[in-house]
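Visitor: I'd like to ask some things about the structure below.
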Amino acid sequence: MGEILLTIGAIYSIGFAIFHMMFWKIFKWKTNLRSITRINRGIMQVLNLRLIYVFLFFAYVSFFQQKALLSTPLGEIVLIFISIFWLMRATEQLIFFDRKNSVSIALTITFAVGGGLYLIPVFC
């Protein structure tokens with residue numbers, strides 16, 4: 001069961017990497033980020049690029065290091081870290097975004113699911 005959840009987690013992570021790659025177009029960053037300072041514009045874009053890198057790392061270890069993730073203490077720590085990443089992201093969605101917006105609610109649930117995908121294998 002752990003291998004299946006990790007494979008789903010890898011696909012999930014790739015999906016978020018692709019989604020973040022599209023931020024410039026989706027959110028019209030070329031024009032919309034002009035309204036903030038150069039340093040804040042840079043911070044947003046750099047953080048987004050680093051998130052893409054993190055999601056690709058999550059996908060890589062989820063696809064290619066399943067045995068290590070599921071059978072070593074370090075693997076368990078990595079799974080717990082990834083789970084906390086997604087569970088905290090779900091919490092941050094509630095804090096920083098509109099709780100009554102259906103897209104925001106869907107994202108909160110999606111992030112919580114990501115947390116579960118990586119936490120459940122720790123206990124299986």
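Going by the structure tokens order, chains are called A, B, ..., each with residues numbered from 1, while ligands are numbered from 1 in the order shown.
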Do you know which residues are at most 12 Å from region 42-47 of chain A counting only C-alpha atoms, after dropping those on the same chain fewer than 6 positions away, and could you put them as a list in words?
Guide: His20, Met21, Met22, Phe23, Trp24, Phe27, Trp29, Lys30, Asn32, Leu33, Arg34, Ile36, Tyr53 and Val54 of chain A
Visitor: Using only C-alpha atoms, which protein or nucleic acid residues come within 10 Å of Tyr60 (chain A)? Drop anything in the same chain fewer than 2 positions from it, and give the result as a ChimeraX atom specification.
Guide: /A:7,10-11,13-14,54-58,62-66
Visitor: Which polymer residues have any atom within 10 Å of an atom of region 100-112 of chain A, counting only C-alpha atoms, with same-chain residues fewer than 6 positions away left out, as a ChimeraX atom specification?
Guide: /A:12,83-94
Visitor: Would you kindly return, as number ranges by chain, each protein, DNA or RNA residue with an atom no farther than 6 Å from any atom of region 73-81 of chain A, considering only C-alpha atoms and excluding same-chain residues fewer than 3 positions away?
Guide: A: 68-69, 84, 118-119, 122
